[in-house]
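Dropping run24.txt in here (compact mmCIF, N, CA and C atoms):
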```
# COMPACT_ATOMS: atom_id res chain seq x y z
N ALA A 1 62.88 13.79 -84.39
CA ALA A 1 62.50 15.15 -84.08
C ALA A 1 62.93 15.46 -82.65
N SER A 2 63.51 16.64 -82.53
CA SER A 2 63.99 17.04 -81.21
C SER A 2 62.83 17.56 -80.37
N PHE A 3 63.12 17.74 -79.11
CA PHE A 3 62.10 18.23 -78.16
C PHE A 3 61.61 19.61 -78.57
N ASN A 4 62.52 20.48 -79.00
CA ASN A 4 62.15 21.85 -79.42
C ASN A 4 61.26 21.84 -80.65
N GLU A 5 61.53 20.94 -81.61
CA GLU A 5 60.70 20.87 -82.81
C GLU A 5 59.28 20.43 -82.46
N VAL A 6 59.14 19.45 -81.57
CA VAL A 6 57.82 18.98 -81.14
C VAL A 6 57.08 20.10 -80.42
N LEU A 7 57.80 20.83 -79.56
CA LEU A 7 57.19 21.93 -78.82
C LEU A 7 56.72 23.02 -79.77
N CYS A 8 57.53 23.35 -80.77
CA CYS A 8 57.14 24.37 -81.75
C CYS A 8 55.92 23.92 -82.56
N GLN A 9 55.85 22.64 -82.92
CA GLN A 9 54.69 22.13 -83.66
C GLN A 9 53.42 22.21 -82.81
N GLN A 10 53.56 21.90 -81.53
CA GLN A 10 52.40 21.98 -80.65
C GLN A 10 51.91 23.42 -80.52
N LYS A 11 52.84 24.39 -80.39
CA LYS A 11 52.46 25.79 -80.29
C LYS A 11 51.78 26.25 -81.58
N ALA A 12 52.31 25.82 -82.72
CA ALA A 12 51.73 26.21 -84.00
C ALA A 12 50.33 25.61 -84.14
N THR A 13 50.17 24.38 -83.71
CA THR A 13 48.86 23.74 -83.77
C THR A 13 47.87 24.46 -82.88
N ARG A 14 48.28 24.82 -81.67
CA ARG A 14 47.39 25.55 -80.77
C ARG A 14 47.02 26.91 -81.35
N THR A 15 47.99 27.58 -81.97
CA THR A 15 47.73 28.91 -82.53
C THR A 15 46.74 28.81 -83.68
N THR A 16 46.89 27.81 -84.56
CA THR A 16 45.97 27.69 -85.70
C THR A 16 44.59 27.25 -85.24
N ASN A 17 44.52 26.43 -84.21
CA ASN A 17 43.22 25.97 -83.72
C ASN A 17 42.45 27.07 -82.97
N THR A 18 43.16 27.99 -82.34
CA THR A 18 42.47 29.03 -81.57
C THR A 18 42.04 30.19 -82.44
N ALA A 19 42.63 30.37 -83.60
CA ALA A 19 42.27 31.51 -84.45
C ALA A 19 40.81 31.45 -84.89
N PRO A 20 40.33 30.32 -85.40
CA PRO A 20 38.92 30.29 -85.79
C PRO A 20 37.99 30.46 -84.59
N LYS A 21 38.39 29.92 -83.44
CA LYS A 21 37.54 30.06 -82.27
C LYS A 21 37.38 31.52 -81.88
N SER A 22 38.48 32.28 -81.95
CA SER A 22 38.38 33.68 -81.56
C SER A 22 37.53 34.47 -82.55
N SER A 23 37.60 34.12 -83.85
CA SER A 23 36.75 34.82 -84.82
C SER A 23 35.29 34.43 -84.62
N LYS A 24 35.05 33.15 -84.26
CA LYS A 24 33.68 32.73 -83.95
C LYS A 24 33.19 33.45 -82.71
N THR A 25 34.08 33.60 -81.74
CA THR A 25 33.71 34.31 -80.51
C THR A 25 33.32 35.74 -80.83
N LYS A 26 34.08 36.38 -81.71
CA LYS A 26 33.76 37.75 -82.11
C LYS A 26 32.40 37.81 -82.81
N GLN A 27 32.12 36.82 -83.66
CA GLN A 27 30.82 36.78 -84.34
C GLN A 27 29.71 36.56 -83.33
N ASN A 28 29.93 35.66 -82.37
CA ASN A 28 28.91 35.41 -81.34
C ASN A 28 28.65 36.67 -80.51
N ILE A 29 29.72 37.39 -80.18
CA ILE A 29 29.55 38.62 -79.40
C ILE A 29 28.78 39.65 -80.21
N ALA A 30 29.08 39.75 -81.51
CA ALA A 30 28.37 40.69 -82.37
C ALA A 30 26.89 40.32 -82.47
N THR A 31 26.62 39.02 -82.62
CA THR A 31 25.23 38.55 -82.70
C THR A 31 24.50 38.81 -81.40
N MET A 32 25.17 38.55 -80.29
CA MET A 32 24.56 38.80 -78.98
C MET A 32 24.30 40.29 -78.80
N GLY A 33 25.21 41.11 -79.29
CA GLY A 33 25.02 42.56 -79.19
C GLY A 33 23.80 43.02 -79.96
N ARG A 34 23.62 42.49 -81.17
CA ARG A 34 22.43 42.83 -81.97
C ARG A 34 21.16 42.35 -81.29
N SER A 35 21.20 41.13 -80.75
CA SER A 35 20.03 40.59 -80.05
C SER A 35 19.70 41.45 -78.84
N TYR A 36 20.72 41.87 -78.12
CA TYR A 36 20.51 42.71 -76.95
C TYR A 36 19.86 44.03 -77.34
N LEU A 37 20.31 44.60 -78.45
CA LEU A 37 19.72 45.87 -78.91
C LEU A 37 18.26 45.70 -79.30
N ILE A 38 17.94 44.60 -79.97
CA ILE A 38 16.56 44.35 -80.37
C ILE A 38 15.67 44.15 -79.15
N ILE A 39 16.15 43.39 -78.18
CA ILE A 39 15.36 43.15 -76.96
C ILE A 39 15.18 44.46 -76.20
N THR A 40 16.23 45.25 -76.10
CA THR A 40 16.13 46.54 -75.41
C THR A 40 15.14 47.45 -76.10
N TRP A 41 15.19 47.48 -77.43
CA TRP A 41 14.26 48.31 -78.19
C TRP A 41 12.82 47.87 -77.96
N ALA A 42 12.57 46.55 -77.98
CA ALA A 42 11.22 46.03 -77.77
C ALA A 42 10.72 46.38 -76.37
N LEU A 43 11.57 46.24 -75.36
CA LEU A 43 11.17 46.57 -74.01
C LEU A 43 10.87 48.07 -73.86
N CYS A 44 11.64 48.89 -74.54
CA CYS A 44 11.38 50.34 -74.51
C CYS A 44 10.04 50.66 -75.14
N CYS A 45 9.70 49.98 -76.23
CA CYS A 45 8.40 50.19 -76.89
C CYS A 45 7.25 49.80 -75.96
N VAL A 46 7.39 48.66 -75.30
CA VAL A 46 6.35 48.21 -74.38
C VAL A 46 6.20 49.20 -73.23
N GLN A 47 7.33 49.65 -72.70
CA GLN A 47 7.30 50.61 -71.60
C GLN A 47 6.64 51.91 -72.05
N HIS A 48 6.92 52.34 -73.26
CA HIS A 48 6.33 53.58 -73.79
C HIS A 48 4.81 53.43 -73.91
N ILE A 49 4.35 52.30 -74.41
CA ILE A 49 2.91 52.07 -74.55
C ILE A 49 2.24 52.06 -73.19
N LEU A 50 2.88 51.40 -72.22
CA LEU A 50 2.31 51.36 -70.88
C LEU A 50 2.29 52.75 -70.25
N ALA A 51 3.31 53.54 -70.51
CA ALA A 51 3.37 54.88 -69.96
C ALA A 51 2.27 55.77 -70.55
N LEU A 52 1.95 55.56 -71.80
CA LEU A 52 0.89 56.35 -72.43
C LEU A 52 -0.50 55.94 -71.96
N GLY A 53 -0.57 54.76 -71.39
CA GLY A 53 -1.86 54.29 -70.90
C GLY A 53 -2.78 53.84 -72.02
N ILE A 54 -2.20 53.41 -73.13
CA ILE A 54 -3.01 52.93 -74.25
C ILE A 54 -3.62 51.60 -73.86
N GLN A 55 -4.93 51.52 -74.00
CA GLN A 55 -5.62 50.29 -73.66
C GLN A 55 -6.52 49.89 -74.83
N GLN A 56 -6.73 48.60 -74.96
CA GLN A 56 -7.66 48.13 -75.97
C GLN A 56 -9.07 48.29 -75.44
N ASP A 57 -9.97 48.58 -76.34
CA ASP A 57 -11.37 48.72 -75.97
C ASP A 57 -12.05 47.38 -76.18
N PRO A 58 -12.46 46.69 -75.11
CA PRO A 58 -13.09 45.38 -75.27
C PRO A 58 -14.45 45.46 -75.96
N CYS A 59 -15.03 46.65 -76.02
CA CYS A 59 -16.35 46.81 -76.62
C CYS A 59 -16.28 47.29 -78.08
N ALA A 60 -15.09 47.44 -78.62
CA ALA A 60 -14.95 47.88 -80.01
C ALA A 60 -15.32 46.73 -80.94
N GLY A 61 -15.91 47.05 -82.06
CA GLY A 61 -16.23 46.05 -83.07
C GLY A 61 -17.52 45.30 -82.84
N CYS A 62 -18.34 45.78 -81.92
CA CYS A 62 -19.63 45.14 -81.67
C CYS A 62 -20.64 45.69 -82.67
N ASP A 63 -20.67 45.11 -83.85
CA ASP A 63 -21.55 45.62 -84.89
C ASP A 63 -22.24 44.47 -85.62
N GLU A 64 -22.95 44.82 -86.66
CA GLU A 64 -23.73 43.84 -87.41
C GLU A 64 -22.84 42.79 -88.08
N THR A 65 -21.66 43.20 -88.51
CA THR A 65 -20.74 42.26 -89.16
C THR A 65 -20.35 41.13 -88.22
N LEU A 66 -20.06 41.47 -86.97
CA LEU A 66 -19.71 40.45 -85.99
C LEU A 66 -20.90 39.55 -85.70
N SER A 67 -22.08 40.13 -85.56
CA SER A 67 -23.25 39.30 -85.23
C SER A 67 -23.57 38.32 -86.37
N LEU A 68 -23.42 38.75 -87.62
CA LEU A 68 -23.65 37.85 -88.76
C LEU A 68 -22.61 36.73 -88.81
N ALA A 69 -21.36 37.09 -88.54
CA ALA A 69 -20.29 36.08 -88.54
C ALA A 69 -20.52 35.08 -87.42
N TYR A 70 -20.94 35.57 -86.25
CA TYR A 70 -21.21 34.68 -85.12
C TYR A 70 -22.37 33.74 -85.45
N GLN A 71 -23.43 34.26 -86.08
CA GLN A 71 -24.59 33.42 -86.42
C GLN A 71 -24.21 32.33 -87.41
N ALA A 72 -23.36 32.66 -88.37
CA ALA A 72 -22.91 31.66 -89.34
C ALA A 72 -22.11 30.55 -88.64
N CYS A 73 -21.28 30.95 -87.69
CA CYS A 73 -20.49 29.96 -86.94
C CYS A 73 -21.40 29.11 -86.06
N ALA A 74 -22.36 29.73 -85.41
CA ALA A 74 -23.27 28.99 -84.53
C ALA A 74 -24.09 27.99 -85.34
N LYS A 75 -24.46 28.37 -86.55
CA LYS A 75 -25.23 27.48 -87.42
C LYS A 75 -24.40 26.25 -87.80
N THR A 76 -23.13 26.48 -88.10
CA THR A 76 -22.26 25.40 -88.56
C THR A 76 -21.76 24.52 -87.42
N TYR A 77 -21.32 25.13 -86.32
CA TYR A 77 -20.63 24.38 -85.28
C TYR A 77 -21.38 24.27 -83.95
N GLY A 78 -22.46 25.00 -83.78
CA GLY A 78 -23.10 25.02 -82.46
C GLY A 78 -22.20 25.82 -81.53
N ASN A 79 -21.53 25.15 -80.63
CA ASN A 79 -20.54 25.80 -79.77
C ASN A 79 -19.16 25.51 -80.36
N PRO A 80 -18.57 26.46 -81.09
CA PRO A 80 -17.28 26.20 -81.74
C PRO A 80 -16.13 26.08 -80.75
N CYS A 81 -16.34 26.49 -79.50
CA CYS A 81 -15.28 26.41 -78.49
C CYS A 81 -15.25 25.06 -77.78
N ALA A 82 -16.25 24.22 -78.04
CA ALA A 82 -16.27 22.89 -77.42
C ALA A 82 -15.07 22.09 -77.91
N GLU A 83 -14.44 21.38 -76.98
CA GLU A 83 -13.25 20.62 -77.34
C GLU A 83 -13.63 19.18 -77.64
N THR A 84 -13.08 18.68 -78.75
CA THR A 84 -13.39 17.32 -79.18
C THR A 84 -12.16 16.43 -79.02
N ASN A 85 -12.40 15.14 -78.85
CA ASN A 85 -11.29 14.20 -78.77
C ASN A 85 -10.89 13.76 -80.17
N GLU A 86 -10.02 12.77 -80.27
CA GLU A 86 -9.51 12.31 -81.57
C GLU A 86 -10.61 11.73 -82.45
N ALA A 87 -11.67 11.21 -81.84
CA ALA A 87 -12.77 10.64 -82.61
C ALA A 87 -13.77 11.70 -83.06
N GLY A 88 -13.55 12.95 -82.65
CA GLY A 88 -14.46 14.03 -83.04
C GLY A 88 -15.64 14.19 -82.11
N ILE A 89 -15.60 13.53 -80.97
CA ILE A 89 -16.70 13.58 -80.01
C ILE A 89 -16.38 14.62 -78.94
N VAL A 90 -17.36 15.46 -78.62
CA VAL A 90 -17.15 16.48 -77.59
C VAL A 90 -16.95 15.79 -76.25
N SER A 91 -15.89 16.20 -75.56
CA SER A 91 -15.57 15.59 -74.27
C SER A 91 -15.27 16.68 -73.25
N LYS A 92 -15.27 16.30 -71.99
CA LYS A 92 -14.99 17.27 -70.93
C LYS A 92 -13.50 17.52 -70.80
N GLY A 93 -12.68 16.60 -71.20
CA GLY A 93 -11.23 16.74 -71.08
C GLY A 93 -10.65 17.64 -72.16
N ALA A 94 -9.37 17.78 -72.11
CA ALA A 94 -8.67 18.60 -73.11
C ALA A 94 -8.74 17.94 -74.48
N GLY A 95 -8.82 18.74 -75.49
CA GLY A 95 -8.88 18.26 -76.87
C GLY A 95 -8.63 19.42 -77.82
N THR A 96 -9.18 19.33 -79.01
CA THR A 96 -9.04 20.43 -79.97
C THR A 96 -10.40 21.10 -80.15
N LYS A 97 -10.36 22.40 -80.31
CA LYS A 97 -11.61 23.15 -80.50
C LYS A 97 -12.20 22.81 -81.86
N LYS A 98 -13.52 22.88 -81.95
CA LYS A 98 -14.18 22.58 -83.23
C LYS A 98 -13.66 23.51 -84.31
N ASP A 99 -13.63 24.83 -84.00
CA ASP A 99 -13.13 25.81 -84.96
C ASP A 99 -12.59 27.00 -84.18
N VAL A 100 -11.30 27.25 -84.27
CA VAL A 100 -10.67 28.29 -83.47
C VAL A 100 -11.15 29.68 -83.89
N SER A 101 -11.24 29.94 -85.18
CA SER A 101 -11.66 31.25 -85.65
C SER A 101 -13.09 31.56 -85.20
N CYS A 102 -13.97 30.57 -85.29
CA CYS A 102 -15.34 30.77 -84.84
C CYS A 102 -15.41 30.88 -83.32
N CYS A 103 -14.53 30.21 -82.63
CA CYS A 103 -14.48 30.31 -81.17
C CYS A 103 -14.15 31.74 -80.77
N LEU A 104 -13.22 32.37 -81.48
CA LEU A 104 -12.89 33.76 -81.19
C LEU A 104 -14.08 34.67 -81.44
N LYS A 105 -14.83 34.40 -82.50
CA LYS A 105 -16.03 35.19 -82.79
C LYS A 105 -17.07 35.02 -81.68
N LYS A 106 -17.21 33.80 -81.18
CA LYS A 106 -18.17 33.54 -80.11
C LYS A 106 -17.76 34.28 -78.84
N GLU A 107 -16.46 34.24 -78.51
CA GLU A 107 -15.98 34.94 -77.32
C GLU A 107 -16.19 36.44 -77.45
N LYS A 108 -15.94 36.98 -78.64
CA LYS A 108 -16.16 38.41 -78.88
C LYS A 108 -17.65 38.73 -78.77
N HIS A 109 -18.50 37.88 -79.31
CA HIS A 109 -19.96 38.07 -79.23
C HIS A 109 -20.41 38.10 -77.76
N ASP A 110 -19.91 37.16 -76.96
CA ASP A 110 -20.26 37.13 -75.54
C ASP A 110 -19.81 38.41 -74.83
N ARG A 111 -18.63 38.90 -75.20
CA ARG A 111 -18.13 40.14 -74.61
C ARG A 111 -19.00 41.31 -75.03
N CYS A 112 -19.44 41.32 -76.26
CA CYS A 112 -20.30 42.40 -76.75
C CYS A 112 -21.65 42.41 -76.01
N LEU A 113 -22.17 41.23 -75.71
CA LEU A 113 -23.41 41.17 -74.94
C LEU A 113 -23.21 41.75 -73.54
N GLN A 114 -22.05 41.52 -72.95
CA GLN A 114 -21.74 42.12 -71.65
C GLN A 114 -21.58 43.63 -71.78
N CYS A 115 -20.95 44.07 -72.85
CA CYS A 115 -20.74 45.51 -73.06
C CYS A 115 -22.07 46.24 -73.23
N LYS A 116 -23.00 45.58 -73.87
CA LYS A 116 -24.30 46.19 -74.13
C LYS A 116 -25.00 46.60 -72.82
N THR A 117 -24.75 45.85 -71.76
CA THR A 117 -25.40 46.13 -70.48
C THR A 117 -24.60 47.07 -69.59
N MET A 118 -23.43 47.51 -70.05
CA MET A 118 -22.60 48.38 -69.22
C MET A 118 -23.22 49.77 -69.10
N ASP A 119 -23.00 50.38 -67.95
CA ASP A 119 -23.48 51.74 -67.72
C ASP A 119 -22.31 52.69 -67.97
N CYS A 120 -22.42 53.47 -69.02
CA CYS A 120 -21.33 54.39 -69.38
C CYS A 120 -21.77 55.83 -69.11
N GLN A 121 -22.12 56.09 -67.89
CA GLN A 121 -22.63 57.40 -67.52
C GLN A 121 -21.62 58.50 -67.78
N TYR A 122 -20.36 58.24 -67.54
CA TYR A 122 -19.33 59.28 -67.69
C TYR A 122 -18.50 59.10 -68.96
N ALA A 123 -19.06 58.46 -69.97
CA ALA A 123 -18.40 58.24 -71.27
C ALA A 123 -17.05 57.54 -71.08
N THR A 124 -17.01 56.55 -70.21
CA THR A 124 -15.77 55.82 -69.95
C THR A 124 -15.65 54.57 -70.82
N CYS A 125 -16.66 54.27 -71.61
CA CYS A 125 -16.58 53.10 -72.46
C CYS A 125 -17.31 53.38 -73.79
N ASN A 126 -17.04 52.52 -74.75
CA ASN A 126 -17.61 52.65 -76.09
C ASN A 126 -18.59 51.49 -76.28
N VAL A 127 -19.86 51.76 -76.14
CA VAL A 127 -20.86 50.69 -76.15
C VAL A 127 -21.87 50.90 -77.29
N ASN A 128 -22.17 49.81 -78.00
CA ASN A 128 -23.22 49.83 -79.01
C ASN A 128 -24.46 49.25 -78.36
N LYS A 129 -25.36 50.09 -77.90
CA LYS A 129 -26.56 49.64 -77.20
C LYS A 129 -27.51 48.88 -78.15
N LYS A 130 -27.32 49.03 -79.46
CA LYS A 130 -28.21 48.38 -80.43
C LYS A 130 -27.70 46.99 -80.82
N TYR A 131 -26.58 46.56 -80.25
CA TYR A 131 -26.06 45.23 -80.60
C TYR A 131 -27.03 44.16 -80.13
N TYR A 132 -27.46 43.33 -81.01
CA TYR A 132 -28.40 42.23 -80.75
C TYR A 132 -29.65 42.76 -80.14
```
Written form, structure tokens:
Amino acid sequence: ASFNEVLCQQKATRTTNTAPKSSKTKQNIATMGRSYLIITWALCCVQHILALGIQQDPCAGCDETLSLAYQACAKTYGNPCAETNEAGIVSKGAGTKKDVSCCLKKEKHDRCLQCKTMDCQYATCNVNKKYY
């Protein structure tokens, strides 16, 4: 094989090897473009919500249903937020909560007890004074 034939084979090999890479690059750019659009859309939604001043009401849902659910959890687990070690013994260190769902109910119950004592003179909060 002459020098020119070897050179032509090398060029052909480079051309065939780069074609799939360029199509993959185009696919990656398209995927990145879609991801960028999704992220931009999500950020715009968050900005819109913040601009509207929409806030969650920490005192919402303080009713009899929550108190009954909390009592059932307290009966079963005591303090469901207490963290237990691998042997199931409550410890001061990090571990797993006895029951995550009941822990959320307990935290909500504690928040409702705080809400009950709030002074809403100017109707700035939603409080159930009859909770517990």
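Note that atom CA of A:Cys73 and atom N of A:Tyr131 are 18.9 Å apart.
Atom pair atom C of A:Cys112 / atom C of A:Gln56: separated by 13.9 Å.
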Inset, instruction - Rank nothing, just name the residue among A:Ser35, A:Ser91, A:Asn79, A:Thr40 nearest to A:Leu104, using only C-alpha atoms. - result: A:Asn79
Legend entry - Separation of atom CA of A:Pro80 from atom N of A:Asp99 in Å: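 That distance, rounded to one decimal, is 4.5 Å.
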DSSP on the backbone: which residues in stretch 21-128 of chain A end up as alpha helix (DSSP H)? Give the answer as a compact mmCIF listing (two decimals) with N, CA and C atoms, in the frame of the given file.
```
# COMPACT_ATOMS: atom_id res chain seq x y z
N LYS A 21 38.39 29.92 -83.44
CA LYS A 21 37.54 30.06 -82.27
C LYS A 21 37.38 31.52 -81.88
N SER A 22 38.48 32.28 -81.95
CA SER A 22 38.38 33.68 -81.56
C SER A 22 37.53 34.47 -82.55
N SER A 23 37.60 34.12 -83.85
CA SER A 23 36.75 34.82 -84.82
C SER A 23 35.29 34.43 -84.62
N LYS A 24 35.05 33.15 -84.26
CA LYS A 24 33.68 32.73 -83.95
C LYS A 24 33.19 33.45 -82.71
N THR A 25 34.08 33.60 -81.74
CA THR A 25 33.71 34.31 -80.51
C THR A 25 33.32 35.74 -80.83
N LYS A 26 34.08 36.38 -81.71
CA LYS A 26 33.76 37.75 -82.11
C LYS A 26 32.40 37.81 -82.81
N GLN A 27 32.12 36.82 -83.66
CA GLN A 27 30.82 36.78 -84.34
C GLN A 27 29.71 36.56 -83.33
N ASN A 28 29.93 35.66 -82.37
CA ASN A 28 28.91 35.41 -81.34
C ASN A 28 28.65 36.67 -80.51
N ILE A 29 29.72 37.39 -80.18
CA ILE A 29 29.55 38.62 -79.40
C ILE A 29 28.78 39.65 -80.21
N ALA A 30 29.08 39.75 -81.51
CA ALA A 30 28.37 40.69 -82.37
C ALA A 30 26.89 40.32 -82.47
N THR A 31 26.62 39.02 -82.62
CA THR A 31 25.23 38.55 -82.70
C THR A 31 24.50 38.81 -81.40
N MET A 32 25.17 38.55 -80.29
CA MET A 32 24.56 38.80 -78.98
C MET A 32 24.30 40.29 -78.80
N GLY A 33 25.21 41.11 -79.29
CA GLY A 33 25.02 42.56 -79.19
C GLY A 33 23.80 43.02 -79.96
N ARG A 34 23.62 42.49 -81.17
CA ARG A 34 22.43 42.83 -81.97
C ARG A 34 21.16 42.35 -81.29
N SER A 35 21.20 41.13 -80.75
CA SER A 35 20.03 40.59 -80.05
C SER A 35 19.70 41.45 -78.84
N TYR A 36 20.72 41.87 -78.12
CA TYR A 36 20.51 42.71 -76.95
C TYR A 36 19.86 44.03 -77.34
N LEU A 37 20.31 44.60 -78.45
CA LEU A 37 19.72 45.87 -78.91
C LEU A 37 18.26 45.70 -79.30
N ILE A 38 17.94 44.60 -79.97
CA ILE A 38 16.56 44.35 -80.37
C ILE A 38 15.67 44.15 -79.15
N ILE A 39 16.15 43.39 -78.18
CA ILE A 39 15.36 43.15 -76.96
C ILE A 39 15.18 44.46 -76.20
N THR A 40 16.23 45.25 -76.10
CA THR A 40 16.13 46.54 -75.41
C THR A 40 15.14 47.45 -76.10
N TRP A 41 15.19 47.48 -77.43
CA TRP A 41 14.26 48.31 -78.19
C TRP A 41 12.82 47.87 -77.96
N ALA A 42 12.57 46.55 -77.98
CA ALA A 42 11.22 46.03 -77.77
C ALA A 42 10.72 46.38 -76.37
N LEU A 43 11.57 46.24 -75.36
CA LEU A 43 11.17 46.57 -74.01
C LEU A 43 10.87 48.07 -73.86
N CYS A 44 11.64 48.89 -74.54
CA CYS A 44 11.38 50.34 -74.51
C CYS A 44 10.04 50.66 -75.14
N CYS A 45 9.70 49.98 -76.23
CA CYS A 45 8.40 50.19 -76.89
C CYS A 45 7.25 49.80 -75.96
N VAL A 46 7.39 48.66 -75.30
CA VAL A 46 6.35 48.21 -74.38
C VAL A 46 6.20 49.20 -73.23
N GLN A 47 7.33 49.65 -72.70
CA GLN A 47 7.30 50.61 -71.60
C GLN A 47 6.64 51.91 -72.05
N HIS A 48 6.92 52.34 -73.26
CA HIS A 48 6.33 53.58 -73.79
C HIS A 48 4.81 53.43 -73.91
N ILE A 49 4.35 52.30 -74.41
CA ILE A 49 2.91 52.07 -74.55
C ILE A 49 2.24 52.06 -73.19
N LEU A 50 2.88 51.40 -72.22
CA LEU A 50 2.31 51.36 -70.88
C LEU A 50 2.29 52.75 -70.25
N ALA A 51 3.31 53.54 -70.51
CA ALA A 51 3.37 54.88 -69.96
C ALA A 51 2.27 55.77 -70.55
N LEU A 52 1.95 55.56 -71.80
CA LEU A 52 0.89 56.35 -72.43
C LEU A 52 -0.50 55.94 -71.96
N GLU A 64 -22.95 44.82 -86.66
CA GLU A 64 -23.73 43.84 -87.41
C GLU A 64 -22.84 42.79 -88.08
N THR A 65 -21.66 43.20 -88.51
CA THR A 65 -20.74 42.26 -89.16
C THR A 65 -20.35 41.13 -88.22
N LEU A 66 -20.06 41.47 -86.97
CA LEU A 66 -19.71 40.45 -85.99
C LEU A 66 -20.90 39.55 -85.70
N SER A 67 -22.08 40.13 -85.56
CA SER A 67 -23.25 39.30 -85.23
C SER A 67 -23.57 38.32 -86.37
N LEU A 68 -23.42 38.75 -87.62
CA LEU A 68 -23.65 37.85 -88.76
C LEU A 68 -22.61 36.73 -88.81
N ALA A 69 -21.36 37.09 -88.54
CA ALA A 69 -20.29 36.08 -88.54
C ALA A 69 -20.52 35.08 -87.42
N TYR A 70 -20.94 35.57 -86.25
CA TYR A 70 -21.21 34.68 -85.12
C TYR A 70 -22.37 33.74 -85.45
N GLN A 71 -23.43 34.26 -86.08
CA GLN A 71 -24.59 33.42 -86.42
C GLN A 71 -24.21 32.33 -87.41
N ALA A 72 -23.36 32.66 -88.37
CA ALA A 72 -22.91 31.66 -89.34
C ALA A 72 -22.11 30.55 -88.64
N CYS A 73 -21.28 30.95 -87.69
CA CYS A 73 -20.49 29.96 -86.94
C CYS A 73 -21.40 29.11 -86.06
N ALA A 74 -22.36 29.73 -85.41
CA ALA A 74 -23.27 28.99 -84.53
C ALA A 74 -24.09 27.99 -85.34
N LYS A 75 -24.46 28.37 -86.55
CA LYS A 75 -25.23 27.48 -87.42
C LYS A 75 -24.40 26.25 -87.80
N THR A 76 -23.13 26.48 -88.10
CA THR A 76 -22.26 25.40 -88.56
C THR A 76 -21.76 24.52 -87.42
N TYR A 77 -21.32 25.13 -86.32
CA TYR A 77 -20.63 24.38 -85.28
C TYR A 77 -21.38 24.27 -83.95
N VAL A 100 -11.30 27.25 -84.27
CA VAL A 100 -10.67 28.29 -83.47
C VAL A 100 -11.15 29.68 -83.89
N SER A 101 -11.24 29.94 -85.18
CA SER A 101 -11.66 31.25 -85.65
C SER A 101 -13.09 31.56 -85.20
N CYS A 102 -13.97 30.57 -85.29
CA CYS A 102 -15.34 30.77 -84.84
C CYS A 102 -15.41 30.88 -83.32
N CYS A 103 -14.53 30.21 -82.63
CA CYS A 103 -14.48 30.31 -81.17
C CYS A 103 -14.15 31.74 -80.77
N LEU A 104 -13.22 32.37 -81.48
CA LEU A 104 -12.89 33.76 -81.19
C LEU A 104 -14.08 34.67 -81.44
N LYS A 105 -14.83 34.40 -82.50
CA LYS A 105 -16.03 35.19 -82.79
C LYS A 105 -17.07 35.02 -81.68
N LYS A 106 -17.21 33.80 -81.18
CA LYS A 106 -18.17 33.54 -80.11
C LYS A 106 -17.76 34.28 -78.84
N GLU A 107 -16.46 34.24 -78.51
CA GLU A 107 -15.98 34.94 -77.32
C GLU A 107 -16.19 36.44 -77.45
N LYS A 108 -15.94 36.98 -78.64
CA LYS A 108 -16.16 38.41 -78.88
C LYS A 108 -17.65 38.73 -78.77
N HIS A 109 -18.50 37.88 -79.31
CA HIS A 109 -19.96 38.07 -79.23
C HIS A 109 -20.41 38.10 -77.76
N ASP A 110 -19.91 37.16 -76.96
CA ASP A 110 -20.26 37.13 -75.54
C ASP A 110 -19.81 38.41 -74.83
N ARG A 111 -18.63 38.90 -75.20
CA ARG A 111 -18.13 40.14 -74.61
C ARG A 111 -19.00 41.31 -75.03
N CYS A 112 -19.44 41.32 -76.26
CA CYS A 112 -20.30 42.40 -76.75
C CYS A 112 -21.65 42.41 -76.01
N LEU A 113 -22.17 41.23 -75.71
CA LEU A 113 -23.41 41.17 -74.94
C LEU A 113 -23.21 41.75 -73.54
N GLN A 114 -22.05 41.52 -72.95
CA GLN A 114 -21.74 42.12 -71.65
C GLN A 114 -21.58 43.63 -71.78
N CYS A 115 -20.95 44.07 -72.85
CA CYS A 115 -20.74 45.51 -73.06
C CYS A 115 -22.07 46.24 -73.23
N LYS A 116 -23.00 45.58 -73.87
CA LYS A 116 -24.30 46.19 -74.13
C LYS A 116 -25.00 46.60 -72.82
```
Legend entry - Residue nearest A:Asp63 among A:Met32, A:Lys75, A:Tyr132, A:Asn85 (counting all atoms listed in the file):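 Closest to A:Asp63 of all the choices is A:Tyr132.
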Completion step: stretch 77-82 of chain A with N, CA, C and O atoms as a CSV table (one decimal), keeping the file's coordinate frame:
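After the write, selection_30.csv holds the following:
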```csv
chain,number,residue,atom,x,y,z
A,77,TYR,N,-21.3,25.1,-86.3
A,77,TYR,CA,-20.6,24.4,-85.3
A,77,TYR,C,-21.4,24.3,-84.0
A,77,TYR,O,-20.9,23.5,-83.1
A,78,GLY,N,-22.5,25.0,-83.8
A,78,GLY,CA,-23.1,25.0,-82.5
A,78,GLY,C,-22.2,25.8,-81.5
A,78,GLY,O,-22.1,27.0,-81.7
A,79,ASN,N,-21.5,25.2,-80.6
A,79,ASN,CA,-20.5,25.8,-79.8
A,79,ASN,C,-19.2,25.5,-80.4
A,79,ASN,O,-18.6,24.4,-80.2
A,80,PRO,N,-18.6,26.5,-81.1
A,80,PRO,CA,-17.3,26.2,-81.7
A,80,PRO,C,-16.1,26.1,-80.8
A,80,PRO,O,-15.1,25.6,-81.1
A,81,CYS,N,-16.3,26.5,-79.5
A,81,CYS,CA,-15.3,26.4,-78.5
A,81,CYS,C,-15.2,25.1,-77.8
A,81,CYS,O,-14.3,24.8,-77.0
A,82,ALA,N,-16.2,24.2,-78.0
A,82,ALA,CA,-16.3,22.9,-77.4
A,82,ALA,C,-15.1,22.1,-77.9
A,82,ALA,O,-14.7,22.1,-79.1
```
